$ cat entry-v9.cif   # mmCIF, N, CA and C atoms and all ligand atoms
data_final
loop_
_atom_site.label_atom_id
_atom_site.label_comp_id
_atom_site.auth_asym_id
_atom_site.auth_seq_id
_atom_site.Cartn_x
_atom_site.Cartn_y
_atom_site.Cartn_z
N MET A 279 1.06 3.92 22.63
CA MET A 279 2.25 3.12 22.92
C MET A 279 3.43 3.63 22.07
N ALA A 280 4.58 3.80 22.67
CA ALA A 280 5.73 4.27 21.90
C ALA A 280 6.61 3.09 21.50
N PHE A 281 6.98 3.05 20.22
CA PHE A 281 7.86 1.99 19.74
C PHE A 281 9.18 2.63 19.34
N THR A 282 10.24 1.82 19.41
CA THR A 282 11.52 2.29 18.89
C THR A 282 11.81 1.52 17.62
N TYR A 283 11.98 2.24 16.55
CA TYR A 283 12.31 1.61 15.27
C TYR A 283 13.77 1.86 14.93
N SER A 284 14.38 0.88 14.28
CA SER A 284 15.77 1.03 13.86
C SER A 284 15.86 2.08 12.75
N GLU A 285 17.08 2.58 12.52
CA GLU A 285 17.28 3.56 11.44
C GLU A 285 16.91 2.96 10.09
N LYS A 286 17.20 1.67 9.93
CA LYS A 286 16.89 1.02 8.63
C LYS A 286 15.39 0.96 8.40
N VAL A 287 14.63 0.66 9.45
CA VAL A 287 13.16 0.63 9.31
C VAL A 287 12.67 2.02 8.92
N MET A 288 13.17 3.04 9.61
CA MET A 288 12.73 4.40 9.30
C MET A 288 13.10 4.79 7.88
N ASP A 289 14.29 4.38 7.44
CA ASP A 289 14.75 4.70 6.08
C ASP A 289 13.84 4.03 5.04
N HIS A 290 13.55 2.74 5.24
CA HIS A 290 12.72 2.03 4.25
C HIS A 290 11.26 2.48 4.31
N PHE A 291 10.84 2.99 5.47
CA PHE A 291 9.48 3.54 5.57
C PHE A 291 9.41 4.88 4.84
N ALA A 292 10.42 5.73 5.08
CA ALA A 292 10.42 7.07 4.48
C ALA A 292 10.76 7.04 3.00
N ASN A 293 11.63 6.11 2.59
CA ASN A 293 12.05 6.01 1.18
C ASN A 293 11.88 4.57 0.69
N PRO A 294 10.66 4.09 0.62
CA PRO A 294 10.51 2.68 0.23
C PRO A 294 11.02 2.41 -1.19
N ARG A 295 11.71 1.28 -1.33
CA ARG A 295 12.25 0.88 -2.64
C ARG A 295 11.21 0.04 -3.37
N ASN A 296 11.25 0.13 -4.69
CA ASN A 296 10.43 -0.75 -5.54
C ASN A 296 8.92 -0.61 -5.34
N VAL A 297 8.46 0.62 -5.09
CA VAL A 297 7.02 0.83 -4.95
C VAL A 297 6.40 0.96 -6.34
N GLY A 298 5.24 0.36 -6.52
CA GLY A 298 4.51 0.54 -7.77
C GLY A 298 3.94 -0.77 -8.27
N GLU A 299 3.64 -0.77 -9.55
CA GLU A 299 3.06 -1.96 -10.18
C GLU A 299 3.92 -2.37 -11.35
N ILE A 300 3.84 -3.62 -11.75
CA ILE A 300 4.50 -4.07 -12.98
C ILE A 300 3.41 -4.41 -13.97
N GLU A 301 3.46 -3.75 -15.12
CA GLU A 301 2.47 -4.05 -16.16
C GLU A 301 2.75 -5.46 -16.69
N ASN A 302 1.71 -6.21 -16.93
CA ASN A 302 1.86 -7.59 -17.40
C ASN A 302 2.78 -8.42 -16.49
N ALA A 303 2.60 -8.27 -15.21
CA ALA A 303 3.42 -9.03 -14.26
C ALA A 303 3.20 -10.53 -14.46
N ASP A 304 4.26 -11.30 -14.22
CA ASP A 304 4.14 -12.76 -14.37
C ASP A 304 3.48 -13.39 -13.15
N GLY A 305 3.54 -12.70 -12.03
CA GLY A 305 2.88 -13.20 -10.83
C GLY A 305 2.46 -12.04 -9.95
N ILE A 306 1.25 -12.11 -9.44
CA ILE A 306 0.76 -11.06 -8.54
C ILE A 306 0.21 -11.75 -7.28
N GLY A 307 0.63 -11.27 -6.15
CA GLY A 307 0.13 -11.85 -4.89
C GLY A 307 -0.44 -10.76 -4.01
N GLU A 308 -1.63 -11.00 -3.50
CA GLU A 308 -2.21 -10.04 -2.58
C GLU A 308 -2.57 -10.76 -1.29
N VAL A 309 -2.09 -10.22 -0.20
CA VAL A 309 -2.43 -10.81 1.09
C VAL A 309 -2.89 -9.71 2.03
N GLY A 310 -3.69 -10.11 2.98
CA GLY A 310 -4.20 -9.13 3.93
C GLY A 310 -4.16 -9.67 5.33
N ASN A 311 -4.06 -8.78 6.26
CA ASN A 311 -4.12 -9.16 7.65
C ASN A 311 -5.52 -8.85 8.14
N SER A 312 -6.26 -9.89 8.44
CA SER A 312 -7.66 -9.69 8.79
C SER A 312 -7.83 -8.96 10.12
N LYS A 313 -6.77 -8.97 10.94
CA LYS A 313 -6.90 -8.31 12.25
C LYS A 313 -6.71 -6.80 12.17
N CYS A 314 -5.69 -6.37 11.41
CA CYS A 314 -5.45 -4.92 11.34
C CYS A 314 -5.98 -4.33 10.05
N GLY A 315 -6.33 -5.19 9.07
CA GLY A 315 -6.92 -4.70 7.82
C GLY A 315 -5.90 -4.24 6.81
N ASP A 316 -4.60 -4.41 7.10
CA ASP A 316 -3.57 -3.97 6.15
C ASP A 316 -3.48 -4.93 4.96
N ILE A 317 -3.17 -4.36 3.81
CA ILE A 317 -3.12 -5.15 2.57
C ILE A 317 -1.78 -4.91 1.87
N MET A 318 -1.22 -5.99 1.33
CA MET A 318 0.04 -5.90 0.60
C MET A 318 -0.11 -6.60 -0.75
N LYS A 319 0.33 -5.94 -1.79
CA LYS A 319 0.25 -6.53 -3.12
C LYS A 319 1.66 -6.56 -3.72
N MET A 320 2.05 -7.71 -4.22
CA MET A 320 3.41 -7.90 -4.74
C MET A 320 3.35 -8.29 -6.21
N TYR A 321 4.17 -7.67 -7.04
CA TYR A 321 4.21 -7.94 -8.49
C TYR A 321 5.59 -8.49 -8.84
N LEU A 322 5.61 -9.56 -9.64
CA LEU A 322 6.89 -10.16 -10.03
C LEU A 322 7.01 -10.23 -11.54
N LYS A 323 8.21 -9.94 -12.04
CA LYS A 323 8.55 -10.18 -13.44
C LYS A 323 9.58 -11.30 -13.40
N ILE A 324 9.26 -12.41 -14.04
CA ILE A 324 10.14 -13.58 -13.94
C ILE A 324 10.64 -13.97 -15.33
N GLU A 325 11.96 -14.09 -15.45
CA GLU A 325 12.55 -14.55 -16.71
C GLU A 325 13.39 -15.77 -16.40
N GLY A 326 13.09 -16.87 -17.10
CA GLY A 326 13.75 -18.13 -16.76
C GLY A 326 13.30 -18.49 -15.36
N ASN A 327 14.25 -18.48 -14.46
CA ASN A 327 13.93 -18.81 -13.07
C ASN A 327 14.23 -17.63 -12.14
N VAL A 328 14.46 -16.47 -12.77
CA VAL A 328 14.97 -15.34 -11.98
C VAL A 328 13.94 -14.22 -11.86
N LEU A 329 13.83 -13.65 -10.68
CA LEU A 329 12.94 -12.51 -10.45
C LEU A 329 13.67 -11.25 -10.92
N VAL A 330 13.43 -10.89 -12.18
CA VAL A 330 14.18 -9.76 -12.75
C VAL A 330 13.63 -8.42 -12.27
N ASP A 331 12.36 -8.39 -11.86
CA ASP A 331 11.82 -7.15 -11.31
C ASP A 331 10.76 -7.48 -10.24
N VAL A 332 10.72 -6.65 -9.24
CA VAL A 332 9.78 -6.84 -8.13
C VAL A 332 9.25 -5.47 -7.73
N LYS A 333 7.94 -5.38 -7.62
CA LYS A 333 7.36 -4.13 -7.14
C LYS A 333 6.25 -4.45 -6.12
N PHE A 334 5.93 -3.47 -5.29
CA PHE A 334 4.88 -3.72 -4.30
C PHE A 334 4.07 -2.47 -4.03
N LYS A 335 2.89 -2.72 -3.52
CA LYS A 335 2.04 -1.65 -3.00
C LYS A 335 1.53 -2.12 -1.65
N THR A 336 1.71 -1.31 -0.66
CA THR A 336 1.23 -1.71 0.67
C THR A 336 0.33 -0.63 1.24
N PHE A 337 -0.87 -1.05 1.56
CA PHE A 337 -1.79 -0.17 2.27
C PHE A 337 -1.72 -0.62 3.71
N GLY A 338 -0.81 -0.02 4.45
CA GLY A 338 -0.65 -0.51 5.80
C GLY A 338 0.26 0.35 6.64
N CYS A 339 0.64 -0.20 7.75
CA CYS A 339 1.43 0.54 8.73
C CYS A 339 2.86 0.73 8.23
N GLY A 340 3.61 1.56 8.93
CA GLY A 340 5.00 1.84 8.56
C GLY A 340 5.87 0.60 8.55
N ALA A 341 5.66 -0.28 9.50
CA ALA A 341 6.47 -1.51 9.56
C ALA A 341 6.16 -2.41 8.36
N ALA A 342 4.90 -2.43 7.93
CA ALA A 342 4.52 -3.24 6.76
C ALA A 342 5.17 -2.66 5.50
N ILE A 343 5.22 -1.35 5.40
CA ILE A 343 5.86 -0.71 4.23
C ILE A 343 7.37 -0.98 4.25
N ALA A 344 7.99 -0.82 5.41
CA ALA A 344 9.43 -1.05 5.51
C ALA A 344 9.79 -2.51 5.21
N THR A 345 8.99 -3.46 5.70
CA THR A 345 9.31 -4.87 5.45
C THR A 345 9.06 -5.23 3.99
N SER A 346 8.03 -4.65 3.37
CA SER A 346 7.80 -4.92 1.94
C SER A 346 8.99 -4.42 1.14
N SER A 347 9.42 -3.20 1.47
CA SER A 347 10.53 -2.59 0.75
C SER A 347 11.79 -3.44 0.88
N MET A 348 12.14 -3.82 2.09
CA MET A 348 13.33 -4.63 2.30
C MET A 348 13.19 -6.00 1.63
N ALA A 349 12.01 -6.60 1.72
CA ALA A 349 11.80 -7.92 1.11
C ALA A 349 12.02 -7.85 -0.40
N THR A 350 11.54 -6.79 -1.04
CA THR A 350 11.73 -6.70 -2.50
C THR A 350 13.22 -6.55 -2.83
N GLU A 351 13.94 -5.80 -1.99
CA GLU A 351 15.37 -5.64 -2.22
C GLU A 351 16.09 -6.98 -2.09
N LEU A 352 15.63 -7.80 -1.14
CA LEU A 352 16.31 -9.07 -0.88
C LEU A 352 16.04 -10.12 -1.95
N ILE A 353 14.90 -10.02 -2.65
CA ILE A 353 14.60 -11.08 -3.64
C ILE A 353 14.85 -10.65 -5.08
N LYS A 354 15.02 -9.38 -5.30
CA LYS A 354 15.23 -8.90 -6.67
C LYS A 354 16.54 -9.46 -7.23
N GLY A 355 16.45 -10.07 -8.41
CA GLY A 355 17.64 -10.65 -9.03
C GLY A 355 17.94 -12.06 -8.56
N LYS A 356 17.13 -12.54 -7.61
CA LYS A 356 17.35 -13.89 -7.08
C LYS A 356 16.48 -14.90 -7.85
N THR A 357 16.76 -16.19 -7.63
CA THR A 357 15.94 -17.22 -8.26
C THR A 357 14.65 -17.43 -7.45
N ILE A 358 13.69 -18.11 -8.07
CA ILE A 358 12.44 -18.41 -7.37
C ILE A 358 12.73 -19.19 -6.08
N ASP A 359 13.62 -20.18 -6.17
CA ASP A 359 13.95 -20.99 -5.00
C ASP A 359 14.49 -20.13 -3.86
N GLU A 360 15.38 -19.21 -4.22
CA GLU A 360 15.96 -18.35 -3.19
C GLU A 360 14.89 -17.45 -2.57
N ALA A 361 13.97 -16.94 -3.41
CA ALA A 361 12.91 -16.06 -2.90
C ALA A 361 11.98 -16.82 -1.96
N LEU A 362 11.73 -18.09 -2.29
CA LEU A 362 10.84 -18.89 -1.44
C LEU A 362 11.45 -19.17 -0.07
N LYS A 363 12.79 -19.10 -0.02
CA LYS A 363 13.47 -19.38 1.26
C LYS A 363 13.51 -18.15 2.16
N LEU A 364 13.11 -17.00 1.62
CA LEU A 364 13.16 -15.78 2.43
C LEU A 364 12.10 -15.83 3.54
N THR A 365 12.56 -15.71 4.74
CA THR A 365 11.62 -15.75 5.87
C THR A 365 11.40 -14.35 6.42
N ASN A 366 10.33 -14.19 7.16
CA ASN A 366 10.08 -12.88 7.78
C ASN A 366 11.19 -12.55 8.78
N LYS A 367 11.80 -13.60 9.34
CA LYS A 367 12.89 -13.39 10.29
C LYS A 367 14.10 -12.75 9.59
N ALA A 368 14.39 -13.25 8.37
CA ALA A 368 15.52 -12.70 7.61
C ALA A 368 15.25 -11.24 7.24
N VAL A 369 13.99 -10.94 6.90
CA VAL A 369 13.64 -9.56 6.55
C VAL A 369 13.82 -8.67 7.78
N MET A 370 13.38 -9.16 8.93
CA MET A 370 13.51 -8.37 10.16
C MET A 370 14.97 -8.16 10.52
N GLU A 371 15.79 -9.21 10.34
CA GLU A 371 17.22 -9.08 10.65
C GLU A 371 17.87 -8.04 9.75
N ALA A 372 17.46 -8.06 8.47
CA ALA A 372 18.03 -7.09 7.52
C ALA A 372 17.65 -5.66 7.90
N LEU A 373 16.53 -5.53 8.63
CA LEU A 373 16.08 -4.19 9.06
C LEU A 373 16.57 -3.86 10.47
N ASP A 374 17.44 -4.70 11.01
CA ASP A 374 17.93 -4.54 12.40
C ASP A 374 16.80 -4.65 13.42
N GLY A 375 15.82 -5.48 13.11
CA GLY A 375 14.77 -5.80 14.09
C GLY A 375 13.53 -4.94 14.01
N LEU A 376 12.47 -5.46 14.63
CA LEU A 376 11.19 -4.76 14.73
C LEU A 376 10.69 -4.90 16.16
N PRO A 377 9.91 -3.95 16.65
CA PRO A 377 9.32 -4.14 17.98
C PRO A 377 8.42 -5.39 17.96
N PRO A 378 8.38 -6.15 19.06
CA PRO A 378 7.61 -7.41 19.08
C PRO A 378 6.18 -7.27 18.56
N VAL A 379 5.50 -6.20 18.87
CA VAL A 379 4.10 -6.06 18.44
C VAL A 379 3.99 -5.83 16.94
N LYS A 380 5.13 -5.63 16.27
CA LYS A 380 5.11 -5.37 14.83
C LYS A 380 5.63 -6.56 14.02
N VAL A 381 5.90 -7.67 14.69
CA VAL A 381 6.44 -8.85 13.99
C VAL A 381 5.46 -9.34 12.94
N HIS A 382 4.16 -9.30 13.24
CA HIS A 382 3.17 -9.82 12.27
C HIS A 382 3.20 -9.05 10.95
N CYS A 383 3.67 -7.80 10.98
CA CYS A 383 3.73 -6.99 9.75
C CYS A 383 4.74 -7.59 8.77
N SER A 384 5.82 -8.18 9.31
CA SER A 384 6.83 -8.77 8.43
C SER A 384 6.35 -10.09 7.85
N VAL A 385 5.41 -10.74 8.52
CA VAL A 385 4.85 -12.00 7.99
C VAL A 385 4.10 -11.73 6.69
N LEU A 386 3.48 -10.56 6.63
CA LEU A 386 2.73 -10.18 5.43
C LEU A 386 3.64 -10.18 4.19
N ALA A 387 4.86 -9.68 4.33
CA ALA A 387 5.78 -9.60 3.19
C ALA A 387 6.15 -11.00 2.69
N GLU A 388 6.44 -11.90 3.63
CA GLU A 388 6.79 -13.28 3.25
C GLU A 388 5.60 -13.93 2.53
N GLN A 389 4.41 -13.71 3.07
CA GLN A 389 3.22 -14.31 2.44
C GLN A 389 2.94 -13.74 1.06
N ALA A 390 3.16 -12.43 0.90
CA ALA A 390 2.88 -11.79 -0.39
C ALA A 390 3.81 -12.33 -1.48
N ILE A 391 5.07 -12.58 -1.13
CA ILE A 391 6.01 -13.15 -2.10
C ILE A 391 5.56 -14.56 -2.49
N LYS A 392 5.20 -15.35 -1.50
CA LYS A 392 4.74 -16.72 -1.79
C LYS A 392 3.47 -16.71 -2.63
N ALA A 393 2.56 -15.79 -2.32
CA ALA A 393 1.30 -15.70 -3.08
C ALA A 393 1.59 -15.32 -4.53
N ALA A 394 2.54 -14.42 -4.75
CA ALA A 394 2.87 -13.99 -6.12
C ALA A 394 3.53 -15.12 -6.90
N ILE A 395 4.39 -15.89 -6.23
CA ILE A 395 5.03 -17.03 -6.91
C ILE A 395 3.99 -18.11 -7.20
N SER A 396 3.05 -18.32 -6.29
CA SER A 396 1.96 -19.28 -6.53
C SER A 396 1.16 -18.86 -7.76
N ASP A 397 0.87 -17.57 -7.86
CA ASP A 397 0.12 -17.05 -9.00
C ASP A 397 0.89 -17.30 -10.30
N TYR A 398 2.20 -17.13 -10.25
CA TYR A 398 3.04 -17.36 -11.43
C TYR A 398 2.91 -18.82 -11.89
N TYR A 399 2.98 -19.76 -10.95
CA TYR A 399 2.86 -21.17 -11.33
C TYR A 399 1.44 -21.49 -11.83
N LYS A 400 0.44 -20.92 -11.16
CA LYS A 400 -0.95 -21.18 -11.58
C LYS A 400 -1.18 -20.71 -13.00
N LYS A 401 -0.62 -19.56 -13.34
CA LYS A 401 -0.78 -19.01 -14.70
C LYS A 401 -0.20 -19.96 -15.75
N GLN A 402 0.73 -20.80 -15.32
CA GLN A 402 1.35 -21.75 -16.25
C GLN A 402 0.73 -23.13 -16.15
N GLY A 403 -0.37 -23.23 -15.40
CA GLY A 403 -1.05 -24.52 -15.26
C GLY A 403 -0.34 -25.49 -14.35
N ILE A 404 0.54 -24.96 -13.50
CA ILE A 404 1.27 -25.83 -12.56
C ILE A 404 0.69 -25.64 -11.16
N ASP A 405 0.44 -26.74 -10.48
CA ASP A 405 -0.06 -26.66 -9.11
C ASP A 405 1.07 -26.16 -8.20
N PRO A 406 0.89 -24.98 -7.59
CA PRO A 406 2.01 -24.42 -6.79
C PRO A 406 2.18 -25.06 -5.42
N THR A 407 1.16 -25.78 -4.95
CA THR A 407 1.20 -26.26 -3.55
C THR A 407 2.46 -27.06 -3.21
N PRO A 408 2.87 -28.05 -4.07
CA PRO A 408 4.08 -28.81 -3.69
C PRO A 408 5.35 -27.96 -3.71
N ILE A 409 5.35 -26.87 -4.49
CA ILE A 409 6.55 -26.05 -4.61
C ILE A 409 6.57 -24.94 -3.54
N VAL A 410 5.45 -24.24 -3.44
CA VAL A 410 5.40 -23.08 -2.55
C VAL A 410 4.99 -23.47 -1.13
N GLY A 411 4.18 -24.52 -1.02
CA GLY A 411 3.71 -24.95 0.29
C GLY A 411 2.55 -24.09 0.76
N ASP A 412 2.32 -24.14 2.03
CA ASP A 412 1.20 -23.40 2.61
C ASP A 412 1.61 -21.94 2.80
N ILE A 413 0.86 -21.04 2.19
CA ILE A 413 1.20 -19.62 2.30
C ILE A 413 0.92 -19.10 3.70
N GLY A 414 -0.02 -19.72 4.32
CA GLY A 414 -0.39 -19.24 5.65
C GLY A 414 -1.54 -18.27 5.53
N ASP A 415 -2.22 -18.12 6.59
CA ASP A 415 -3.41 -17.29 6.58
C ASP A 415 -3.44 -16.52 7.89
N CYS A 416 -3.64 -15.24 7.77
CA CYS A 416 -3.62 -14.42 8.99
C CYS A 416 -4.67 -14.85 10.00
N ASP A 417 -5.75 -15.49 9.51
CA ASP A 417 -6.77 -15.93 10.45
C ASP A 417 -6.22 -17.00 11.40
N HIS A 418 -5.19 -17.71 10.90
CA HIS A 418 -4.61 -18.78 11.72
C HIS A 418 -3.28 -18.40 12.33
N CYS A 419 -2.95 -17.15 12.20
CA CYS A 419 -1.66 -16.68 12.70
C CYS A 419 -1.88 -16.09 14.09
N ASP A 420 -0.96 -16.39 14.99
CA ASP A 420 -1.17 -15.89 16.36
C ASP A 420 -0.27 -14.71 16.69
N HIS A 421 0.35 -14.11 15.64
CA HIS A 421 1.26 -13.00 15.90
C HIS A 421 0.58 -11.79 16.53
N CYS A 422 -0.73 -11.64 16.27
CA CYS A 422 -1.43 -10.44 16.77
C CYS A 422 -2.15 -10.70 18.08
N GLU A 423 -2.12 -11.93 18.53
CA GLU A 423 -2.90 -12.22 19.75
C GLU A 423 -2.32 -11.50 20.95
FE1 LIG B 1 -1.07 -4.36 10.12
FE2 LIG B 1 1.42 -3.68 10.57
S1 LIG B 1 -0.29 -3.22 11.80
S2 LIG B 1 0.65 -4.98 9.02
#

$ encode --input "entry-v9.cif" --output "structure tokens" --more "lines below"
Ligand code: FES
Amino acid sequence: MAFTYSEKVMDHFANPRNVGEIENADGIGEVGNSKCGDIMKMYLKIEGNVLVDVKFKTFGCGAAIATSSMATELIKGKTIDEALKLTNKAVMEALDGLPPVKVHCSVLAEQAIKAAISDYYKKQGIDPTPIVGDIGDCDHCDHCE
């Protein structure tokens, strides 16, 4: 099947921003898509209420790499509240869209950010559920159906 990707998607796939790990990260989130087997890991450095550094590693398709890259760019330097408001739709819009069959790849980025913020709260003994809400689970997601 041939897909058409925007120039921004191709750019973030070919030159992903913020790839790597953060040593002693304040929050780490790992999410996977059980249908395609792709995995995304997100690392956060948080000072006060601000995400001062964000890095990611994605073992997955080009769209997953491009959305992770764009998502890190959009939340870096932002507050936790602002990062939690980032939706996969906003990431896709920032990339000038994704082919419909690739929409589920952008969901992974949103979930990875939420998982990393949840981990940050858990490390501090705070229950993240009322703050972060339901991270979602690919098993219950119908994007790949
Ligand atoms: Fe699995 Fe894109 S095909 S995240």

$ residues_near_ligand --input "entry-v9.cif" --ligand "ligand LIG 1 (chain B)" --cutoff "10 Å" --atoms "only C-alpha atoms and all ligand atoms" --output "CSV table (one decimal) with N, CA and C atoms, keeping the file's coordinate frame"
chain,number,residue,atom,x,y,z
A,310,GLY,N,-3.7,-10.1,3.0
A,310,GLY,CA,-4.2,-9.1,3.9
A,310,GLY,C,-4.2,-9.7,5.3
A,311,ASN,N,-4.1,-8.8,6.3
A,311,ASN,CA,-4.1,-9.2,7.6
A,311,ASN,C,-5.5,-8.8,8.1
A,312,SER,N,-6.3,-9.9,8.4
A,312,SER,CA,-7.7,-9.7,8.8
A,312,SER,C,-7.8,-9.0,10.1
A,313,LYS,N,-6.8,-9.0,10.9
A,313,LYS,CA,-6.9,-8.3,12.2
A,313,LYS,C,-6.7,-6.8,12.2
A,314,CYS,N,-5.7,-6.4,11.4
A,314,CYS,CA,-5.4,-4.9,11.3
A,314,CYS,C,-6.0,-4.3,10.0
A,315,GLY,N,-6.3,-5.2,9.1
A,315,GLY,CA,-6.9,-4.7,7.8
A,315,GLY,C,-5.9,-4.2,6.8
A,316,ASP,N,-4.6,-4.4,7.1
A,316,ASP,CA,-3.6,-4.0,6.2
A,316,ASP,C,-3.5,-4.9,5.0
A,317,ILE,N,-3.2,-4.4,3.8
A,317,ILE,CA,-3.1,-5.2,2.6
A,317,ILE,C,-1.8,-4.9,1.9
A,318,MET,N,-1.2,-6.0,1.3
A,318,MET,CA,0.0,-5.9,0.6
A,318,MET,C,-0.1,-6.6,-0.8
A,336,THR,N,1.7,-1.3,-0.7
A,336,THR,CA,1.2,-1.7,0.7
A,336,THR,C,0.3,-0.6,1.2
A,337,PHE,N,-0.9,-1.0,1.6
A,337,PHE,CA,-1.8,-0.2,2.3
A,337,PHE,C,-1.7,-0.6,3.7
A,338,GLY,N,-0.8,0.0,4.4
A,338,GLY,CA,-0.6,-0.5,5.8
A,338,GLY,C,0.3,0.4,6.6
A,339,CYS,N,0.6,-0.2,7.8
A,339,CYS,CA,1.4,0.5,8.7
A,339,CYS,C,2.9,0.7,8.2
A,340,GLY,N,3.6,1.6,8.9
A,340,GLY,CA,5.0,1.8,8.6
A,340,GLY,C,5.9,0.6,8.6
A,341,ALA,N,5.7,-0.3,9.5
A,341,ALA,CA,6.5,-1.5,9.6
A,341,ALA,C,6.2,-2.4,8.4
A,342,ALA,N,4.9,-2.4,7.9
A,342,ALA,CA,4.5,-3.2,6.8
A,342,ALA,C,5.2,-2.7,5.5
A,343,ILE,N,5.2,-1.4,5.4
A,343,ILE,CA,5.9,-0.7,4.2
A,343,ILE,C,7.4,-1.0,4.2
A,344,ALA,N,8.0,-0.8,5.4
A,344,ALA,CA,9.4,-1.0,5.5
A,344,ALA,C,9.8,-2.5,5.2
A,345,THR,N,9.0,-3.5,5.7
A,345,THR,CA,9.3,-4.9,5.4
A,345,THR,C,9.1,-5.2,4.0
A,379,VAL,N,5.5,-6.2,18.9
A,379,VAL,CA,4.1,-6.1,18.4
A,379,VAL,C,4.0,-5.8,16.9
A,380,LYS,N,5.1,-5.6,16.3
A,380,LYS,CA,5.1,-5.4,14.8
A,380,LYS,C,5.6,-6.6,14.0
A,381,VAL,N,5.9,-7.7,14.7
A,381,VAL,CA,6.4,-8.8,14.0
A,381,VAL,C,5.5,-9.3,12.9
A,382,HIS,N,4.2,-9.3,13.2
A,382,HIS,CA,3.2,-9.8,12.3
A,382,HIS,C,3.2,-9.0,11.0
A,383,CYS,N,3.7,-7.8,11.0
A,383,CYS,CA,3.7,-7.0,9.8
A,383,CYS,C,4.7,-7.6,8.8
A,384,SER,N,5.8,-8.2,9.3
A,384,SER,CA,6.8,-8.8,8.4
A,384,SER,C,6.4,-10.1,7.8
A,385,VAL,N,5.4,-10.7,8.5
A,385,VAL,CA,4.8,-12.0,8.0
A,385,VAL,C,4.1,-11.7,6.7
A,386,LEU,N,3.5,-10.6,6.6
A,386,LEU,CA,2.7,-10.2,5.4
A,386,LEU,C,3.6,-10.2,4.2
A,387,ALA,N,4.9,-9.7,4.3
A,387,ALA,CA,5.8,-9.6,3.2
A,387,ALA,C,6.2,-11.0,2.7
A,422,CYS,N,-0.7,-11.6,16.3
A,422,CYS,CA,-1.4,-10.4,16.8
A,422,CYS,C,-2.2,-10.7,18.1

$ closest_residue --input "entry-v9.cif" --among "A:Gln402, A:Ser284, A:Asn302, A:Asn296" --to "Phe334 (chain A)" --atoms "only N, CA and C atoms"
A:Asn296

$ residues_around --input "entry-v9.cif" --residues "Lys319 (chain A)" --least-positions-apart "4" --cutoff "8 Å" --atoms "only C-alpha atoms" --output "mmCIF file with N, CA and C atoms, in the coordinates of the input"
data_model
loop_
_atom_site.group_PDB
_atom_site.id
_atom_site.type_symbol
_atom_site.label_atom_id
_atom_site.label_comp_id
_atom_site.auth_asym_id
_atom_site.auth_seq_id
_atom_site.Cartn_x
_atom_site.Cartn_y
_atom_site.Cartn_z
ATOM 1 N N ILE A 306 1.250 -12.110 -9.440
ATOM 2 C CA ILE A 306 0.760 -11.060 -8.540
ATOM 3 C C ILE A 306 0.210 -11.750 -7.280
ATOM 4 N N GLY A 307 0.630 -11.270 -6.150
ATOM 5 C CA GLY A 307 0.130 -11.850 -4.890
ATOM 6 C C GLY A 307 -0.440 -10.760 -4.010
ATOM 7 N N GLU A 308 -1.630 -11.000 -3.500
ATOM 8 C CA GLU A 308 -2.210 -10.040 -2.580
ATOM 9 C C GLU A 308 -2.570 -10.760 -1.290
ATOM 10 N N VAL A 309 -2.090 -10.220 -0.200
ATOM 11 C CA VAL A 309 -2.430 -10.810 1.090
ATOM 12 C C VAL A 309 -2.890 -9.710 2.030
ATOM 13 N N PHE A 334 5.930 -3.470 -5.290
ATOM 14 C CA PHE A 334 4.880 -3.720 -4.300
ATOM 15 C C PHE A 334 4.070 -2.470 -4.030
ATOM 16 N N LYS A 335 2.890 -2.720 -3.520
ATOM 17 C CA LYS A 335 2.040 -1.650 -3.000
ATOM 18 C C LYS A 335 1.530 -2.120 -1.650
ATOM 19 N N THR A 336 1.710 -1.310 -0.660
ATOM 20 C CA THR A 336 1.230 -1.710 0.670
ATOM 21 C C THR A 336 0.330 -0.630 1.240
ATOM 22 N N ALA A 390 3.160 -12.430 0.900
ATOM 23 C CA ALA A 390 2.880 -11.790 -0.390
ATOM 24 C C ALA A 390 3.810 -12.330 -1.480
#

$ closest_residue --input "entry-v9.cif" --among "A:Gly326, A:Gly355, A:Gly375, A:Gly305" --to "Lys392 (chain A)" --atoms "only C-alpha atoms"
A:Gly305

$ closest_residue --input "entry-v9.cif" --among "A:Thr282, A:Ala368, A:Ile409, A:Ile324" --to "Glu388 (chain A)" --atoms "only C-alpha atoms"
A:Ala368

$ atom_distance --input "entry-v9.cif" --atom1 "atom C of Ala349 (chain A)" --atom2 "atom N of Lys400 (chain A)"
20.5 Å

$ select_by_dssp --input "entry-v9.cif" --residues "chain A" --states "strand (DSSP E or B)" --output "ChimeraX atom specification"
/A:297,305-310,317-325,328-337,357

$ atom_distance --input "entry-v9.cif" --atom1 "CA of Ile300 (chain A)" --atom2 "CA of Ala394 (chain A)"
12.2 Å

$ select_by_dssp --input "entry-v9.cif" --residues "region 345-375 of chain A" --states "alpha helix (DSSP H)" --output "list in words"
Thr345, Ser346, Ser347, Met348, Ala349, Thr350, Glu351, Leu352, Ile353, Ile358, Asp359, Glu360, Ala361, Leu362, Asn366, Lys367, Ala368, Val369, Met370, Glu371 and Ala372 of chain A

$ residues_around --input "entry-v9.cif" --residues "Ile413 (chain A)" --least-positions-apart "3" --cutoff "8 Å" --atoms "only C-alpha atoms" --output "PyMOL selection string"
chain A and resi 389+392-393+410

$ atom_distance --input "entry-v9.cif" --atom1 "atom N of Val287 (chain A)" --atom2 "atom C of Lys323 (chain A)"
26.3 Å

$ axis_aligned_box --input "entry-v9.cif" --around "region 288-304 of chain A" --padding-each-side "8 Å" --output "JSON"
{"center_x": 8.2, "center_y": -3.2, "center_z": -3.9, "size_x": 29.0, "size_y": 36.5, "size_z": 43.0}

$ residues_near_point --input "entry-v9.cif" --point "(16.7, -20.3, -7.6)" --cutoff "6.5 Å" --atoms "all atoms listed in the file" --output "NGL selection string"
:A and (327 or 356-361)

$ closest_residue --input "entry-v9.cif" --among "A:Asp289, A:Asp304, A:Asp405, A:Glu299" --to "Val328 (chain A)" --atoms "only C-alpha atoms"
A:Asp304

$ closest_residue --input "entry-v9.cif" --among "A:Tyr398, A:Tyr283, A:Tyr321, A:Phe291" --to "Pro377 (chain A)" --atoms "all atoms listed in the file"
A:Tyr283
